[in-house]
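Q: What follows is protein-v5.txt, made up of compact mmCIF, C-alpha atoms:
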# COMPACT_ATOMS: atom_id res chain seq x y z
CA MET C 187 -14.09 115.70 75.00
CA LYS C 188 -15.97 118.99 75.33
CA GLU C 189 -18.13 120.16 72.46
CA SER C 190 -15.97 123.29 72.14
CA LEU C 191 -12.94 121.10 71.55
CA HIS C 192 -14.82 119.06 68.97
CA ARG C 193 -15.50 122.32 67.12
CA GLU C 194 -11.87 123.35 67.43
CA THR C 195 -10.82 119.99 66.04
CA ASP C 196 -12.98 120.62 62.97
CA ASP C 197 -11.40 124.04 62.56
CA LEU C 198 -7.87 122.63 62.81
CA GLU C 199 -8.64 119.94 60.24
CA PHE C 200 -9.89 122.69 57.92
CA ALA C 201 -6.75 124.77 58.50
CA TRP C 202 -4.41 122.00 57.38
CA SER C 203 -6.64 120.87 54.51
CA SER C 204 -5.71 124.07 52.67
CA LYS C 205 -2.23 122.66 51.94
CA THR C 206 -1.59 120.08 49.25
CA PRO C 207 0.01 116.74 50.20
CA GLU C 208 3.20 117.82 48.41
CA LYS C 209 3.32 121.09 50.37
CA LEU C 210 2.74 119.25 53.65
CA ARG C 211 5.52 116.82 52.80
CA ASN C 212 8.14 119.50 52.14
CA TYR C 213 7.51 122.90 53.68
CA LEU C 214 8.41 122.12 57.31
CA VAL C 215 11.70 120.43 56.44
CA SER C 216 13.28 123.24 54.44
CA GLY C 217 14.89 126.59 55.14
CA ILE C 218 14.98 127.55 58.82
CA GLN C 219 12.84 124.47 59.56
CA ASP C 220 15.32 121.99 58.04
CA PRO C 221 15.95 119.49 60.88
CA ARG C 222 19.57 119.14 59.81
CA SER C 223 20.24 122.74 60.89
CA ASN C 224 17.22 123.66 63.03
CA LEU C 225 18.51 124.08 66.57
CA GLN C 226 15.35 122.72 68.23
CA SER C 227 15.41 119.59 66.07
CA ILE C 228 19.07 119.06 66.90
CA LEU C 229 18.53 119.52 70.65
CA THR C 230 15.64 117.06 70.45
CA ARG C 231 17.80 114.40 68.80
CA HIS C 232 20.54 115.02 71.37
CA PHE C 233 17.99 114.59 74.16
CA PHE C 234 17.04 111.11 72.95
CA ILE C 235 20.65 110.16 72.38
CA ARG C 236 21.41 111.14 75.99
CA GLN C 237 18.48 109.07 77.25
CA LEU C 238 19.98 106.10 75.45
CA PHE C 239 23.71 106.60 75.93
CA GLY C 240 24.22 109.21 78.64
CA SER C 241 27.01 111.70 78.00
CA GLN C 242 29.08 109.46 75.71
CA PHE C 243 28.57 111.71 72.68
CA GLU C 244 28.98 115.17 74.25
CA GLN C 245 31.81 116.12 71.91
CA LEU C 246 29.85 115.13 68.82
CA GLU C 247 26.84 117.07 70.10
CA ARG C 248 28.94 120.22 70.51
CA GLN C 249 30.41 119.77 67.06
CA GLU C 250 26.98 119.39 65.51
CA LEU C 251 25.66 122.56 67.12
CA LEU C 252 28.65 124.50 65.81
CA HIS C 253 28.13 122.99 62.36
CA ALA C 254 24.44 123.99 62.48
CA MET C 255 25.43 127.57 63.23
CA LYS C 256 27.62 127.53 60.12
CA LEU C 257 24.78 126.08 58.04
CA ASN C 258 22.45 128.81 59.26
CA SER C 259 24.98 131.56 58.57
CA ASP C 260 26.29 130.72 55.08
CA PRO C 261 25.04 128.99 51.93
CA ALA C 262 25.71 125.26 52.11
CA SER C 263 25.64 122.33 49.75
CA GLU C 264 23.49 119.26 50.32
CA GLU C 265 26.65 117.35 51.19
CA GLN C 266 27.51 119.90 53.87
CA LYS C 267 23.97 119.87 55.24
CA SER C 268 24.07 116.09 55.52
CA GLU C 269 27.51 115.78 57.12
CA PHE C 270 26.20 114.99 60.59
CA GLN C 271 23.71 112.48 59.28
CA ARG C 272 26.72 110.47 58.15
CA ARG C 273 28.69 111.09 61.34
CA TRP C 274 25.84 110.13 63.68
CA ARG C 275 24.98 107.02 61.69
CA ALA C 276 28.60 105.92 61.87
CA ALA C 277 28.86 106.68 65.60
CA LEU C 278 25.64 104.87 66.50
CA ALA C 279 25.93 101.92 64.09
CA PRO C 280 27.85 99.61 66.46
CA ARG C 281 25.84 100.60 69.54
CA THR C 282 23.10 98.70 71.30
CA ALA C 283 20.64 100.09 73.83
CA GLN C 284 17.29 99.30 75.38
CA SER C 285 14.66 101.10 73.36
CA VAL C 286 12.47 103.86 74.72
CA SER C 287 8.92 104.54 73.57
CA VAL C 288 8.22 107.91 71.97
CA LEU C 289 4.88 109.35 70.92
CA GLU C 290 4.94 112.44 68.72
CA ALA C 291 1.87 114.68 68.76
CA ALA C 292 1.15 116.53 65.51
CA CYS C 293 3.92 114.61 63.76
CA GLY C 294 3.17 116.14 60.36
CA SER C 295 4.51 114.25 57.37
CA ALA C 296 7.13 112.52 59.54
CA ASN C 297 8.82 115.91 59.58
CA ASP C 298 11.30 115.13 62.33
CA TYR C 299 10.97 111.35 62.39
CA ARG C 300 12.59 111.09 58.96
CA PHE C 301 15.70 112.68 60.47
CA LEU C 302 15.61 110.58 63.62
CA ASP C 303 15.74 107.75 61.10
CA SER C 304 18.45 109.12 58.80
CA TYR C 305 20.67 110.04 61.75
CA GLY C 306 20.52 106.47 63.07
CA VAL C 307 18.51 107.32 66.20
CA ALA C 308 15.13 105.87 65.27
CA ARG C 309 16.19 102.22 65.52
CA PHE C 310 16.56 102.72 69.29
CA LEU C 311 13.05 104.19 69.61
CA ASP C 312 9.69 102.48 69.80
CA TYR C 313 8.21 105.43 67.94
CA SER C 314 4.65 106.28 66.97
CA GLY C 315 3.13 109.51 65.74
CA PHE C 316 -0.28 111.02 65.22
CA ASP C 317 -1.66 114.00 63.33
CA LEU C 318 -5.08 115.43 62.52
CA SER C 319 -4.30 115.69 58.83
CA ALA C 320 -5.08 112.61 56.76
CA ASP C 321 -2.68 113.86 54.09
CA ASN C 322 0.15 114.18 56.61
CA ILE C 323 -0.44 110.63 57.80
CA ALA C 324 -0.60 109.34 54.22
CA ASN C 325 2.73 111.04 53.49
CA ALA C 326 4.32 109.61 56.64
CA ARG C 327 3.08 106.09 55.93
CA ASP C 328 4.30 106.34 52.36
CA MET C 329 7.81 107.09 53.59
CA PHE C 330 7.76 104.73 56.58
CA PRO C 331 5.15 101.99 56.09
CA ALA C 332 6.45 99.98 59.07
CA ILE C 333 5.99 102.84 61.56
CA ALA C 334 2.74 103.42 63.47
CA PHE C 335 1.50 106.71 62.07
CA GLN C 336 -2.17 107.30 62.87
CA ARG C 337 -4.73 110.05 62.60
CA GLY C 338 -5.25 111.40 66.08
CA ASN C 339 -6.18 114.36 68.24
CA VAL C 340 -4.04 115.92 70.96
CA PHE C 341 -7.23 116.77 72.86
CA GLU C 342 -7.98 113.06 73.27
CA ILE C 343 -4.95 110.79 73.02
CA PRO C 344 -5.92 107.08 72.94
CA HIS C 345 -3.26 105.89 75.37
CA GLN C 346 -3.37 104.93 79.02
CA ASN C 347 -1.94 107.14 81.74
CA GLU C 348 1.89 107.09 81.81
CA SER C 349 2.03 104.47 79.07
CA ILE C 350 4.66 106.18 76.86
CA ASP C 351 8.21 106.94 77.99
CA PHE C 352 8.46 110.30 76.20
CA VAL C 353 6.03 112.57 74.38
CA LEU C 354 7.38 114.88 71.68
CA ALA C 355 5.79 117.92 70.06
CA PHE C 356 6.92 120.66 67.68
CA ASP C 357 5.14 123.95 66.93
CA LEU C 358 1.74 122.77 68.12
CA PHE C 359 0.53 124.65 71.15
CA GLU C 360 0.53 128.20 69.76
CA HIS C 361 -2.00 127.09 67.13
CA LEU C 362 -4.60 126.11 69.74
CA SER C 363 -7.20 128.16 71.57
CA LEU C 364 -6.31 128.88 75.18
CA GLU C 365 -8.82 126.23 76.23
CA GLY C 366 -7.28 123.86 73.73
CA LEU C 367 -3.80 124.67 74.99
CA GLU C 368 -4.64 123.55 78.53
CA ALA C 369 -6.44 120.44 77.27
CA ALA C 370 -3.46 119.51 75.11
CA LEU C 371 -0.91 120.05 77.89
CA GLU C 372 -3.06 117.92 80.20
CA GLU C 373 -3.20 115.10 77.66
CA VAL C 374 0.48 114.99 76.69
CA CYS C 375 1.48 115.04 80.34
CA ARG C 376 -1.08 112.38 81.21
CA VAL C 377 0.29 109.76 78.80
CA ALA C 378 4.01 110.47 79.41
CA ARG C 379 5.76 108.21 81.90
CA ARG C 380 9.30 109.62 81.99
CA GLY C 381 9.11 113.00 80.33
CA LEU C 382 8.31 115.27 77.41
CA VAL C 383 10.16 117.34 74.81
CA LEU C 384 8.01 120.35 73.91
CA ASN C 385 9.17 122.77 71.21
CA PHE C 386 7.53 126.20 70.99
CA PHE C 387 7.91 128.88 68.33
CA ASN C 388 6.15 131.85 69.95
CA VAL C 389 6.62 132.10 73.72
CA ASP C 390 7.54 135.31 75.49
CA ASP C 391 8.37 136.50 78.98
CA ILE C 392 4.93 138.03 79.55
CA ALA C 393 2.38 137.65 82.32
CA GLU C 394 -0.55 136.38 80.24
CA HIS C 395 -1.09 134.51 77.00
CA VAL C 396 -1.98 136.75 74.06
CA PRO C 397 -4.58 135.02 71.88
CA ASN C 398 -4.47 135.72 68.16
CA PRO C 399 -7.15 133.81 66.27
CA VAL C 400 -6.55 133.71 62.52
CA THR C 401 -10.18 133.74 61.48
CA GLU C 402 -9.74 132.99 57.79
CA ARG C 403 -7.54 129.98 58.58
CA ARG C 404 -9.67 128.83 61.53
CA TYR C 405 -6.72 128.35 63.86
CA HIS C 406 -4.57 130.45 66.21
CA TRP C 407 -1.15 132.07 66.15
CA ASN C 408 -0.93 132.93 69.84
CA THR C 409 1.90 134.40 71.84
CA LEU C 410 2.19 132.22 74.92
CA SER C 411 3.32 133.32 78.36
CA LEU C 412 6.43 131.44 79.47
CA LYS C 413 5.33 131.90 83.09
CA LYS C 414 1.91 130.38 82.46
CA VAL C 415 3.19 127.49 80.32
CA THR C 416 5.80 126.48 82.88
CA ALA C 417 3.32 126.87 85.73
CA SER C 418 0.90 124.56 83.94
CA LEU C 419 3.64 122.00 83.33
CA ALA C 420 4.92 122.28 86.92
CA GLU C 421 1.55 121.06 88.18
CA ARG C 422 2.08 117.82 86.27
CA ALA C 423 5.84 117.23 86.48
CA ARG C 424 8.73 116.85 88.91
CA ALA C 425 11.18 119.10 87.10
CA MET C 426 11.84 120.83 83.80
CA GLU C 427 14.66 122.45 81.87
CA VAL C 428 13.68 125.53 79.89
CA VAL C 429 15.97 126.34 76.96
CA HIS C 430 15.65 129.75 75.35
CA ILE C 431 17.05 128.92 71.93
CA ARG C 432 18.42 132.36 71.09
CA GLY C 433 19.86 132.72 74.60
CA MET C 434 21.55 129.34 74.32
CA ALA C 435 22.99 130.22 70.92
CA LEU C 436 24.26 133.58 72.17
CA GLU C 437 25.88 131.98 75.21
CA LYS C 438 27.67 129.36 73.15
CA PHE C 439 28.48 131.24 69.95
CA GLN C 440 28.35 135.02 70.45
CA SER C 441 32.15 135.15 70.39
CA HIS C 442 32.04 133.82 66.80
CA ALA C 443 31.59 137.09 64.91
CA VAL C 444 30.75 135.23 61.71
CA PHE C 445 27.43 134.12 63.25
CA GLY C 446 26.34 137.64 64.18
CA SER C 447 23.77 138.08 61.43
CA PHE C 448 22.06 134.75 62.15
CA LEU C 449 22.01 135.44 65.90
CA ASP C 450 20.50 138.87 65.29
CA GLU C 451 17.74 137.38 63.15
CA LEU C 452 17.06 134.24 65.19
CA ASN C 453 13.48 134.19 66.49
CA PRO C 454 13.68 135.36 70.14
CA ASN C 455 10.50 133.45 71.03
CA LEU C 456 11.80 129.93 70.39
CA PHE C 457 11.79 127.75 73.49
CA THR C 458 12.35 124.05 74.06
CA ILE C 459 11.16 122.63 77.37
CA PHE C 460 12.41 119.27 78.61
CA VAL C 461 9.96 117.99 81.19
CA ARG C 462 10.71 115.23 83.68
CA LYS C 463 7.76 113.39 85.19
In structure tokens, how does this file's structure come out?
A:
Amino acid sequence: MKESLHRETDDLEFAWSSKTPEKLRNYLVSGIQDPRSNLQSILTRHFFIRQLFGSQFEQLERQELLHAMKLNSDPASEEQKSEFQRRWRAALAPRTAQSVSVLEAACGSANDYRFLDSYGVARFLDYSGFDLSADNIANARDMFPAIAFQRGNVFEIPHQNESIDFVLAFDLFEHLSLEGLEAALEEVCRVARRGLVLNFFNVDDIAEHVPNPVTERRYHWNTLSLKKVTASLAERARAMEVVHIRGMALEKFQSHAVFGSFLDELNPNLFTIFVRK
């Protein structure tokens, strides 16, 4: 790894050390980030379900997306928020499938894994996750001691080429320098055998990346160019599906006037990219 990436690694470790273990455990699984209602988390779970079972659960997938729109539009009880945890567990309980291996980069405090588990999906996955933050990994291991959570660096992933079926990442790449971005994309693509699920929070239809270093935090909050990200991925993949989250939601739900406020406020720079190797 280049010396510049070693320095960036130190900076990223510093950035996340500013948050307490309790904050790390909770803040990315609440509000708009709650994986029970977060559209990117839901699409990610649906992706893995489709890898395992094909299109058998299309109707349940559509119902869950509609339910998520309701959760995002109106106050909801914990019972309402958890409805599809119960429904997916019940639907998947009698099923069997050959497992697929999944590696999550920057897994946080098992932020999305805990919902892969509670929705009944995780038992079909040979899952492992890594994160730079020792506190995140301690949190994840505390919740799931049998799962392989390790400290690790997306700039240097300790896996052989094409050794993992799918690589997963949420809200990672915008926080890296532009050099770090390319190094990270190279690494996640290198270790993936079948594909990747990459979730972005700040990508726009612009010609060039717009770097935005946050000096006091020692990380970045960049606006990434969709054209450049997809071009970089295209060099390493056979195909990809680019989902503009707000565009998808508008296409499916704009006719539901009750969702208008949420659709108006939904971050227009959310993208999920499904990459096929």
Q: Contacts of Lys463 (chain C) at 12 Å or less, counting all atoms listed in the file, minus same-chain residues fewer than 2 places along, as an MDAnalysis selection string?
A: chainID C and resid 348 350:353 374:383 419:427 460:461
Q: How many Å separate CA of Ala277 (chain C) from CA of Leu225 (chain C)?
A: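 It comes out at 20.3 Å.
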Q: Please list as JSON, numbers by chain every residue within 12 Å of Ser268 (chain C), counting all atoms listed in the file and excluding residues in the same chain fewer than 3 positions away.
A: {"C": [220, 221, 222, 223, 250, 253, 254, 257, 262, 263, 264, 265, 271, 272, 273, 274, 275, 301, 304, 305]}
Q: Filtering to C-alpha atoms, could you give me those residues as a PDB file, in the coordinates of the input?
A:
ATOM      1  CA  ASP C 220      15.320 121.990  58.040  1.00  0.00           C
ATOM      2  CA  PRO C 221      15.950 119.490  60.880  1.00  0.00           C
ATOM      3  CA  ARG C 222      19.570 119.140  59.810  1.00  0.00           C
ATOM      4  CA  SER C 223      20.240 122.740  60.890  1.00  0.00           C
ATOM      5  CA  GLU C 250      26.980 119.390  65.510  1.00  0.00           C
ATOM      6  CA  HIS C 253      28.130 122.990  62.360  1.00  0.00           C
ATOM      7  CA  ALA C 254      24.440 123.990  62.480  1.00  0.00           C
ATOM      8  CA  LEU C 257      24.780 126.080  58.040  1.00  0.00           C
ATOM      9  CA  ALA C 262      25.710 125.260  52.110  1.00  0.00           C
ATOM     10  CA  SER C 263      25.640 122.330  49.750  1.00  0.00           C
ATOM     11  CA  GLU C 264      23.490 119.260  50.320  1.00  0.00           C
ATOM     12  CA  GLU C 265      26.650 117.350  51.190  1.00  0.00           C
ATOM     13  CA  GLN C 271      23.710 112.480  59.280  1.00  0.00           C
ATOM     14  CA  ARG C 272      26.720 110.470  58.150  1.00  0.00           C
ATOM     15  CA  ARG C 273      28.690 111.090  61.340  1.00  0.00           C
ATOM     16  CA  TRP C 274      25.840 110.130  63.680  1.00  0.00           C
ATOM     17  CA  ARG C 275      24.980 107.020  61.690  1.00  0.00           C
ATOM     18  CA  PHE C 301      15.700 112.680  60.470  1.00  0.00           C
ATOM     19  CA  SER C 304      18.450 109.120  58.800  1.00  0.00           C
ATOM     20  CA  TYR C 305      20.670 110.040  61.750  1.00  0.00           C
TER      21      TYR C 305
END
Q: Would you list the contacts of region 232-240 of chain C as a count of residues only, taking every protein, DNA or RNA residue within 9 Å and counting all atoms listed in the file, but skipping same-chain residues closer than 2 positions in sequence?
A: 17
Q: Mind giving me the straight-line distance from CA of Val215 (chain C) to CA of Asn297 (chain C) in Å, one decimal?
A: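 Between CA of Val215 (chain C) and CA of Asn297 (chain C) the gap is 6.2 Å.
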Q: With distances taken over only C-alpha atoms, which of C:Ile218, C:Met187, C:Ile392, C:Leu252 is nearest to Gln440 (chain C)?
A: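 Comparing C:Ile218, C:Met187, C:Ile392, C:Leu252 against Gln440 (chain C), the winner is C:Leu252.
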Q: Excluding Asn453 (chain C) and its own-chain neighbours fewer than 3 positions away, which residues fall within 9 Å of it when counting only C-alpha atoms? Please give them as a list in words.
A: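 Residues near the query, excluding close chain neighbours: Phe387, Asn388, Ile431, Arg432, Leu449, Asp450 and Leu456 of chain C.
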Q: Show me, as a list in words, the residues that have an atom within 7 Å of His406 (chain C) when counting all atoms listed in the file, minus same-chain residues fewer than 6 positions from it.
A: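 Those residues are Glu360, His361, Leu362, Ser363, Asn398, Pro399 and Val400 of chain C.
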Q: Between CA of Val389 (chain C) and CA of Thr409 (chain C), measure the distance and give it in Å to one decimal.
A: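 Result for CA of Val389 (chain C) versus CA of Thr409 (chain C): 5.6 Å, one decimal.
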